[in-house]
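Q: Structure file data_36.pdb (PDB, C-alpha atoms, pLDDT in the B column) is given on the next line.
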ATOM      1  CA  MET I  23      55.425  20.394  13.721  1.00 55.00           C
ATOM      2  CA  LEU I  24      52.193  20.819  15.768  1.00 55.00           C
ATOM      3  CA  ARG I  25      52.183  23.100  18.745  1.00 61.00           C
ATOM      4  CA  ASP I  26      50.216  21.979  21.819  1.00 59.00           C
ATOM      5  CA  ASP I  27      47.364  24.378  21.034  1.00 61.00           C
ATOM      6  CA  ASP I  28      47.150  22.949  17.449  1.00 61.00           C
ATOM      7  CA  ALA I  29      46.847  19.338  18.586  1.00 63.00           C
ATOM      8  CA  PRO I  30      43.508  17.714  17.658  1.00 64.00           C
ATOM      9  CA  ARG I  31      42.941  16.005  21.029  1.00 66.00           C
ATOM     10  CA  PRO I  32      41.513  19.102  22.821  1.00 66.00           C
ATOM     11  CA  LEU I  33      39.119  19.679  19.917  1.00 68.00           C
ATOM     12  CA  ILE I  34      37.589  16.182  20.109  1.00 74.00           C
ATOM     13  CA  VAL I  35      34.623  16.155  22.445  1.00 80.00           C
ATOM     14  CA  ARG I  36      34.278  13.051  24.558  1.00 80.00           C
ATOM     15  CA  LYS I  37      30.957  11.317  23.949  1.00 82.00           C
ATOM     16  CA  SER I  38      29.283   8.385  25.504  1.00 84.00           C
ATOM     17  CA  LEU I  39      26.446   6.229  24.288  1.00 83.00           C
ATOM     18  CA  ARG I  40      23.823   4.879  26.599  1.00 85.00           C
ATOM     19  CA  GLU I  41      22.241   1.645  25.423  1.00 87.00           C
ATOM     20  CA  LYS I  42      18.518   2.061  25.055  1.00 86.00           C
ATOM     21  CA  GLN I  43      16.480  -0.573  26.807  1.00 87.00           C
ATOM     22  CA  PRO I  44      13.640  -2.059  24.777  1.00 86.00           C
ATOM     23  CA  GLU I  45      10.147  -1.150  25.862  1.00 86.00           C
ATOM     24  CA  PRO I  46       7.621  -3.953  25.852  1.00 84.00           C
ATOM     25  CA  ILE I  47       4.498  -3.392  23.764  1.00 79.00           C
ATOM     26  CA  ARG I  48       1.497  -2.916  26.018  1.00 83.00           C
ATOM     27  CA  GLU I  49      -1.198  -5.567  25.766  1.00 83.00           C
ATOM     28  CA  GLY I  50      -3.882  -4.540  23.288  1.00 80.00           C
ATOM     29  CA  GLN I  51      -1.820  -1.701  21.788  1.00 78.00           C
ATOM     30  CA  PHE I  52      -1.327  -3.387  18.407  1.00 76.00           C
ATOM     31  CA  GLN I  53      -2.916  -6.213  16.495  1.00 73.00           C
ATOM     32  CA  ILE I  54      -1.148  -8.516  14.096  1.00 75.00           C
ATOM     33  CA  PHE I  55      -2.889  -9.122  10.809  1.00 79.00           C
ATOM     34  CA  GLN I  56      -2.043 -11.645   8.157  1.00 87.00           C
ATOM     35  CA  GLY I  57      -3.057 -10.757   4.661  1.00 87.00           C
ATOM     36  CA  LEU I  58      -2.981 -12.217   1.205  1.00 86.00           C
ATOM     37  CA  LEU I  59      -3.016  -9.747  -1.676  1.00 82.00           C
ATOM     38  CA  LYS I  60      -3.630 -10.367  -5.357  1.00 84.00           C
ATOM     39  CA  THR I  61      -5.756 -13.459  -4.865  1.00 87.00           C
ATOM     40  CA  PRO I  62      -8.182 -14.590  -7.516  1.00 90.00           C
ATOM     41  CA  VAL I  63     -11.715 -13.507  -6.654  1.00 88.00           C
ATOM     42  CA  VAL I  64     -13.146 -15.948  -4.149  1.00 91.00           C
ATOM     43  CA  LYS I  65     -16.716 -16.733  -3.179  1.00 93.00           C
ATOM     44  CA  ALA I  66     -18.261 -15.900   0.175  1.00 94.00           C
ATOM     45  CA  GLU I  67     -18.399 -19.586   1.099  1.00 95.00           C
ATOM     46  CA  ASP I  68     -14.566 -19.739   0.761  1.00 94.00           C
ATOM     47  CA  LEU I  69     -14.012 -17.132   3.463  1.00 94.00           C
ATOM     48  CA  PRO I  70     -14.378 -19.382   6.558  1.00 94.00           C
ATOM     49  CA  SER I  71     -11.675 -21.787   5.329  1.00 93.00           C
ATOM     50  CA  LEU I  72      -9.362 -18.856   4.550  1.00 93.00           C
ATOM     51  CA  GLN I  73     -10.037 -17.480   8.014  1.00 92.00           C
ATOM     52  CA  LYS I  74      -9.141 -20.860   9.559  1.00 92.00           C
ATOM     53  CA  ARG I  75      -5.771 -20.571   7.810  1.00 91.00           C
ATOM     54  CA  GLY I  76      -5.157 -17.407   9.848  1.00 89.00           C
ATOM     55  CA  LEU I  77      -5.908 -14.779   7.221  1.00 91.00           C
ATOM     56  CA  ASP I  78      -7.374 -11.495   8.373  1.00 92.00           C
ATOM     57  CA  LEU I  79      -7.134  -9.556   5.114  1.00 92.00           C
ATOM     58  CA  LEU I  80      -7.894 -10.714   1.604  1.00 92.00           C
ATOM     59  CA  GLY I  81      -7.025  -8.595  -1.425  1.00 91.00           C
ATOM     60  CA  ASN I  82      -8.987  -9.721  -4.467  1.00 91.00           C
ATOM     61  CA  LYS I  83      -7.361  -9.160  -7.857  1.00 91.00           C
ATOM     62  CA  SER I  84     -10.313  -7.196  -9.187  1.00 91.00           C
ATOM     63  CA  ASP I  85     -11.827  -3.753  -9.459  1.00 90.00           C
ATOM     64  CA  ASP I  86     -15.429  -5.013  -9.424  1.00 94.00           C
ATOM     65  CA  PHE I  87     -16.845  -3.021  -6.518  1.00 95.00           C
ATOM     66  CA  SER I  88     -20.169  -4.907  -6.398  1.00 93.00           C
ATOM     67  CA  VAL I  89     -18.480  -8.298  -5.971  1.00 92.00           C
ATOM     68  CA  GLY I  90     -15.955  -6.819  -3.553  1.00 93.00           C
ATOM     69  CA  GLU I  91     -18.614  -5.183  -1.410  1.00 94.00           C
ATOM     70  CA  ALA I  92     -20.608  -8.424  -1.088  1.00 94.00           C
ATOM     71  CA  LEU I  93     -17.437 -10.282  -0.075  1.00 94.00           C
ATOM     72  CA  GLN I  94     -16.505  -7.519   2.348  1.00 95.00           C
ATOM     73  CA  GLN I  95     -19.895  -7.764   4.066  1.00 95.00           C
ATOM     74  CA  ALA I  96     -19.620 -11.559   4.291  1.00 96.00           C
ATOM     75  CA  ALA I  97     -16.078 -11.294   5.692  1.00 95.00           C
ATOM     76  CA  ARG I  98     -17.122  -8.759   8.304  1.00 94.00           C
ATOM     77  CA  SER I  99     -19.903 -11.051   9.505  1.00 95.00           C
ATOM     78  CA  LEU I 100     -17.383 -13.736  10.522  1.00 94.00           C
ATOM     79  CA  GLN I 101     -16.054 -13.986  14.065  1.00 91.00           C
ATOM     80  CA  PRO I 102     -13.380 -12.818  14.276  1.00 88.00           C
ATOM     81  CA  ARG I 103     -14.111 -10.657  11.304  1.00 90.00           C
ATOM     82  CA  MET I 104     -12.007 -10.497   8.165  1.00 93.00           C
ATOM     83  CA  GLU I 105     -11.409  -7.619   5.792  1.00 93.00           C
ATOM     84  CA  VAL I 106     -11.693  -7.749   2.026  1.00 94.00           C
ATOM     85  CA  ILE I 107     -10.198  -5.147  -0.291  1.00 94.00           C
ATOM     86  CA  LEU I 108      -9.729  -4.874  -4.033  1.00 94.00           C
ATOM     87  CA  CYS I 109      -6.247  -5.049  -5.583  1.00 90.00           C
ATOM     88  CA  PRO I 110      -6.740  -4.611  -9.314  1.00 88.00           C
ATOM     89  CA  GLU I 111      -3.916  -5.647 -11.584  1.00 79.00           C
ATOM     90  CA  ALA I 112      -2.016  -2.663 -12.935  1.00 69.00           C
ATOM     91  CA  TYR I 113      -0.137  -4.122 -15.906  1.00 61.00           C
ATOM     92  CA  PRO I 114      -1.217  -1.407 -18.349  1.00 59.00           C
ATOM     93  CA  ASP I 115      -0.169   1.571 -16.212  1.00 64.00           C
ATOM     94  CA  ARG I 116       2.606   3.652 -17.752  1.00 69.00           C
ATOM     95  CA  SER I 117       4.686   6.692 -16.934  1.00 74.00           C
ATOM     96  CA  ARG I 118       7.656   8.464 -18.466  1.00 69.00           C
ATOM     97  CA  ARG I 119      10.731   9.466 -16.507  1.00 71.00           C
ATOM     98  CA  PHE I 120      13.407  11.995 -17.382  1.00 69.00           C
ATOM     99  CA  GLY I 121      14.751  11.485 -20.869  1.00 74.00           C
ATOM    100  CA  GLY I 122      11.585   9.700 -21.989  1.00 72.00           C
ATOM    101  CA  THR I 123      12.251   6.360 -20.285  1.00 75.00           C
ATOM    102  CA  GLN I 124       8.986   4.432 -20.279  1.00 74.00           C
ATOM    103  CA  LEU I 125       8.056   2.773 -16.979  1.00 72.00           C
ATOM    104  CA  HIS I 126       5.568  -0.100 -16.947  1.00 70.00           C
ATOM    105  CA  HIS I 127       3.476  -1.488 -14.081  1.00 70.00           C
ATOM    106  CA  ILE I 128       4.620   1.207 -11.688  1.00 74.00           C
ATOM    107  CA  ALA I 129       2.466   0.587  -8.675  1.00 75.00           C
ATOM    108  CA  ASN I 130      -0.447  -1.321  -7.315  1.00 82.00           C
ATOM    109  CA  ILE I 131      -3.317   0.122  -5.361  1.00 86.00           C
ATOM    110  CA  THR I 132      -5.742  -1.175  -2.797  1.00 89.00           C
ATOM    111  CA  LEU I 133      -9.345  -0.054  -3.119  1.00 93.00           C
ATOM    112  CA  ASP I 134     -12.111  -0.220  -0.542  1.00 95.00           C
ATOM    113  CA  PRO I 135     -15.104  -2.129  -1.976  1.00 95.00           C
ATOM    114  CA  SER I 136     -17.477   0.102   0.002  1.00 95.00           C
ATOM    115  CA  TRP I 137     -16.389   3.286  -1.772  1.00 95.00           C
ATOM    116  CA  ASN I 138     -19.189   5.598  -2.851  1.00 96.00           C
ATOM    117  CA  ASP I 139     -19.940   6.549  -6.469  1.00 96.00           C
ATOM    118  CA  LYS I 140     -17.707   9.643  -6.307  1.00 95.00           C
ATOM    119  CA  GLN I 141     -14.717   7.627  -5.098  1.00 95.00           C
ATOM    120  CA  ILE I 142     -15.325   4.948  -7.726  1.00 95.00           C
ATOM    121  CA  ALA I 143     -15.429   7.663 -10.426  1.00 96.00           C
ATOM    122  CA  ILE I 144     -12.058   8.960  -9.161  1.00 94.00           C
ATOM    123  CA  TRP I 145     -10.666   5.420  -9.465  1.00 92.00           C
ATOM    124  CA  GLN I 146     -12.044   5.039 -12.999  1.00 93.00           C
ATOM    125  CA  ALA I 147     -10.571   8.390 -14.111  1.00 92.00           C
ATOM    126  CA  ALA I 148      -7.187   7.564 -12.559  1.00 89.00           C
ATOM    127  CA  ASP I 149      -7.235   4.073 -14.084  1.00 88.00           C
ATOM    128  CA  ALA I 150      -7.867   5.552 -17.540  1.00 88.00           C
ATOM    129  CA  ALA I 151      -5.185   8.236 -17.049  1.00 86.00           C
ATOM    130  CA  GLU I 152      -2.510   5.782 -15.943  1.00 79.00           C
ATOM    131  CA  LYS I 153      -2.697   4.040 -19.318  1.00 77.00           C
ATOM    132  CA  ASP I 154      -1.756   7.263 -21.169  1.00 77.00           C
ATOM    133  CA  GLY I 155       1.997   7.132 -20.515  1.00 78.00           C
ATOM    134  CA  LEU I 156       1.962  10.336 -18.467  1.00 82.00           C
ATOM    135  CA  ALA I 157       5.086  12.160 -17.416  1.00 82.00           C
ATOM    136  CA  TRP I 158       5.929  11.225 -13.823  1.00 81.00           C
ATOM    137  CA  ARG I 159       4.765  14.594 -12.444  1.00 85.00           C
ATOM    138  CA  ASP I 160       1.399  14.205 -14.229  1.00 88.00           C
ATOM    139  CA  TYR I 161       1.131  10.576 -13.088  1.00 85.00           C
ATOM    140  CA  GLN I 162       1.532  11.729  -9.503  1.00 87.00           C
ATOM    141  CA  SER I 163      -1.094  14.488  -9.812  1.00 91.00           C
ATOM    142  CA  ARG I 164      -3.652  12.602 -11.943  1.00 91.00           C
ATOM    143  CA  VAL I 165      -3.313   9.065 -10.581  1.00 88.00           C
ATOM    144  CA  ILE I 166      -1.589   8.840  -7.207  1.00 88.00           C
ATOM    145  CA  GLN I 167      -2.818  12.013  -5.495  1.00 92.00           C
ATOM    146  CA  PRO I 168      -6.566  11.654  -6.226  1.00 93.00           C
ATOM    147  CA  LEU I 169      -6.566   7.996  -5.219  1.00 91.00           C
ATOM    148  CA  ARG I 170      -4.654   8.655  -2.004  1.00 91.00           C
ATOM    149  CA  GLN I 171      -7.130  11.422  -1.155  1.00 92.00           C
ATOM    150  CA  SER I 172      -9.946   8.908  -1.684  1.00 91.00           C
ATOM    151  CA  GLY I 173      -8.332   6.461   0.734  1.00 90.00           C
ATOM    152  CA  GLY I 174      -6.443   4.233  -1.690  1.00 89.00           C
ATOM    153  CA  LEU I 175      -3.082   2.830  -0.672  1.00 87.00           C
ATOM    154  CA  PHE I 176      -0.269   2.489  -3.218  1.00 82.00           C
ATOM    155  CA  TYR I 177       2.555   0.044  -3.045  1.00 77.00           C
ATOM    156  CA  PRO I 178       5.365  -0.024  -5.615  1.00 71.00           C
ATOM    157  CA  GLU I 179       5.966  -2.488  -8.394  1.00 67.00           C
ATOM    158  CA  GLN I 180       8.053  -1.276 -11.298  1.00 55.00           C
ATOM    159  CA  ASP I 181       8.708  -3.353 -14.396  1.00 52.00           C
ATOM    160  CA  CYS I 182      10.754  -1.750 -17.184  1.00 47.00           C
TER     161      CYS I 182
END
Is it possible to give me this structure as structure tokens?
A:
Amino acid sequence: MLRDDDAPRPLIVRKSLREKQPEPIREGQFQIFQGLLKTPVVKAEDLPSLQKRGLDLLGNKSDDFSVGEALQQAARSLQPRMEVILCPEAYPDRSRRFGGTQLHHIANITLDPSWNDKQIAIWQAADAAEKDGLAWRDYQSRVIQPLRQSGGLFYPEQDC
């Protein structure tokens, strides 16, 4: 039998929750962009019609920096301007997890077509390394980290 001083009620602290009121977003604080990634490489003359469809960002399925840079310049000359990035296909990338499980097509990356020669060399080295079936720790240090430091953005896609 519980004594009064053993009863749980005095040990339970009364709490109350105040409903948080939503704060409106100030005008001009954010912009909404619509993007389309992994598109076939388009030509500069295709950009105005894509812009009329409401696209602000176009991710070409390529790692050809010269083509990407020309498209990026053409897109930035439009009003309002568009952005073009490169989204090379990553089917051959491989990594090994604990126990030797082989992972295929782990992630995708976005590349800036205006990267300098040093950044492009980092991409080329990482692209070659990711095909070697690296252990996950090595994949992170030899592929993900250098590309992130160069300004690349990874997004996941894992096919076993």
Q: Rounded to one decimal, what separation in Å do you get between CA of Ile131 (chain I) and CA of Lys60 (chain I)?
A: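 Value for the CA of Ile131 (chain I)-CA of Lys60 (chain I) distance: 10.5 Å.
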Q: Please, what distance in Å, to one decimal, runs between CA of Asp85 (chain I) and CA of Pro102 (chain I)?
A: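 Those two atoms sit 25.5 Å apart.
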Q: Looking at only C-alpha atoms, which of I:Asp78, I:Asp139, I:Asp154, I:Glu111 is the one that sits closest to Gly57 (chain I)?
A: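 Smallest separation from Gly57 (chain I) among the options: I:Asp78.
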Q: Check which residues satisfy the PyMOL selection byres ((chain I and resi 72) around 12) in the file shown, then give them as a VMD selection string.
A: chain I and resid 56 to 58 61 64 to 71 73 to 80 97 100 103 to 106
Q: What is the CA of Ile128 (chain I) to CA of Phe176 (chain I) distance in Å?
A: 9.9 Å
Q: Mind listing as an mmCIF file with C-alpha atoms, in the frame of the given file all residues within 9 Å of (7.3, 11.5, -19.9), counting all atoms listed in the file?
A:
data_model
loop_
_atom_site.group_PDB
_atom_site.id
_atom_site.type_symbol
_atom_site.label_atom_id
_atom_site.label_comp_id
_atom_site.auth_asym_id
_atom_site.auth_seq_id
_atom_site.Cartn_x
_atom_site.Cartn_y
_atom_site.Cartn_z
ATOM 1 C CA SER I 117 4.686 6.692 -16.934
ATOM 2 C CA ARG I 118 7.656 8.464 -18.466
ATOM 3 C CA ARG I 119 10.731 9.466 -16.507
ATOM 4 C CA PHE I 120 13.407 11.995 -17.382
ATOM 5 C CA GLY I 121 14.751 11.485 -20.869
ATOM 6 C CA GLY I 122 11.585 9.700 -21.989
ATOM 7 C CA THR I 123 12.251 6.360 -20.285
ATOM 8 C CA GLN I 124 8.986 4.432 -20.279
ATOM 9 C CA GLY I 155 1.997 7.132 -20.515
ATOM 10 C CA LEU I 156 1.962 10.336 -18.467
ATOM 11 C CA ALA I 157 5.086 12.160 -17.416
ATOM 12 C CA TRP I 158 5.929 11.225 -13.823
ATOM 13 C CA ARG I 159 4.765 14.594 -12.444
ATOM 14 C CA ASP I 160 1.399 14.205 -14.229
#
Q: Residues near Gly90 (chain I), anyone? I mean within 7 Å using all atoms listed in the file, not counting same-chain ones fewer than 5 positions away, as a list in words.
A: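 Here the qualifying residues turn out to be Ile107, Leu108 and Pro135 of chain I.
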Q: Write out as a list in words each polymer residue whose atoms come within 7 Å of Ala151 (chain I), counting all atoms listed in the file; drop sequence neighbours fewer than 3 positions from it.
A: Ala147, Ala148, Asp154, Arg164 and Val165 of chain I
Q: Distance cut-off 6 Å, centre (-10.9, -10.4, -6.7) in file coordinates, counting all atoms listed in the file: which residues qualify? Return them as a list in words.
A: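 Selection result: Pro62, Val63, Asn82, Lys83 and Ser84 of chain I.
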Q: Check the smallest atom-to-atom distance from each of I:Leu93, I:Arg170, I:Asp149, I:Phe87 to Asp134 (chain I) using only C-alpha atoms, then report the winner.
A: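 Under the stated criterion, the closest residue is I:Phe87.
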Q: Any chance you could resolve the PyMOL selection byres ((chain I and resi 173) around 12) against this file and give the residues as a PDB file with C-alpha atoms, in the frame of the given file?
A:
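Now in out.pdb:
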ATOM      1  CA  ILE I 107     -10.198  -5.147  -0.291  1.00 94.00           C
ATOM      2  CA  ILE I 131      -3.317   0.122  -5.361  1.00 86.00           C
ATOM      3  CA  THR I 132      -5.742  -1.175  -2.797  1.00 89.00           C
ATOM      4  CA  LEU I 133      -9.345  -0.054  -3.119  1.00 93.00           C
ATOM      5  CA  ASP I 134     -12.111  -0.220  -0.542  1.00 95.00           C
ATOM      6  CA  PRO I 135     -15.104  -2.129  -1.976  1.00 95.00           C
ATOM      7  CA  SER I 136     -17.477   0.102   0.002  1.00 95.00           C
ATOM      8  CA  TRP I 137     -16.389   3.286  -1.772  1.00 95.00           C
ATOM      9  CA  ASN I 138     -19.189   5.598  -2.851  1.00 96.00           C
ATOM     10  CA  GLN I 141     -14.717   7.627  -5.098  1.00 95.00           C
ATOM     11  CA  ILE I 142     -15.325   4.948  -7.726  1.00 95.00           C
ATOM     12  CA  ILE I 144     -12.058   8.960  -9.161  1.00 94.00           C
ATOM     13  CA  TRP I 145     -10.666   5.420  -9.465  1.00 92.00           C
ATOM     14  CA  ILE I 166      -1.589   8.840  -7.207  1.00 88.00           C
ATOM     15  CA  GLN I 167      -2.818  12.013  -5.495  1.00 92.00           C
ATOM     16  CA  PRO I 168      -6.566  11.654  -6.226  1.00 93.00           C
ATOM     17  CA  LEU I 169      -6.566   7.996  -5.219  1.00 91.00           C
ATOM     18  CA  ARG I 170      -4.654   8.655  -2.004  1.00 91.00           C
ATOM     19  CA  GLN I 171      -7.130  11.422  -1.155  1.00 92.00           C
ATOM     20  CA  SER I 172      -9.946   8.908  -1.684  1.00 91.00           C
ATOM     21  CA  GLY I 174      -6.443   4.233  -1.690  1.00 89.00           C
ATOM     22  CA  LEU I 175      -3.082   2.830  -0.672  1.00 87.00           C
ATOM     23  CA  PHE I 176      -0.269   2.489  -3.218  1.00 82.00           C
TER      24      PHE I 176
END
Q: Here is a test: counting all atoms listed in the file, which residue of I:Ala129, I:Cys109, I:Val35, I:Ile47 is nearest to Pro178 (chain I)?
A: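 Among I:Ala129, I:Cys109, I:Val35, I:Ile47, it is I:Ala129 that comes nearest to Pro178 (chain I).
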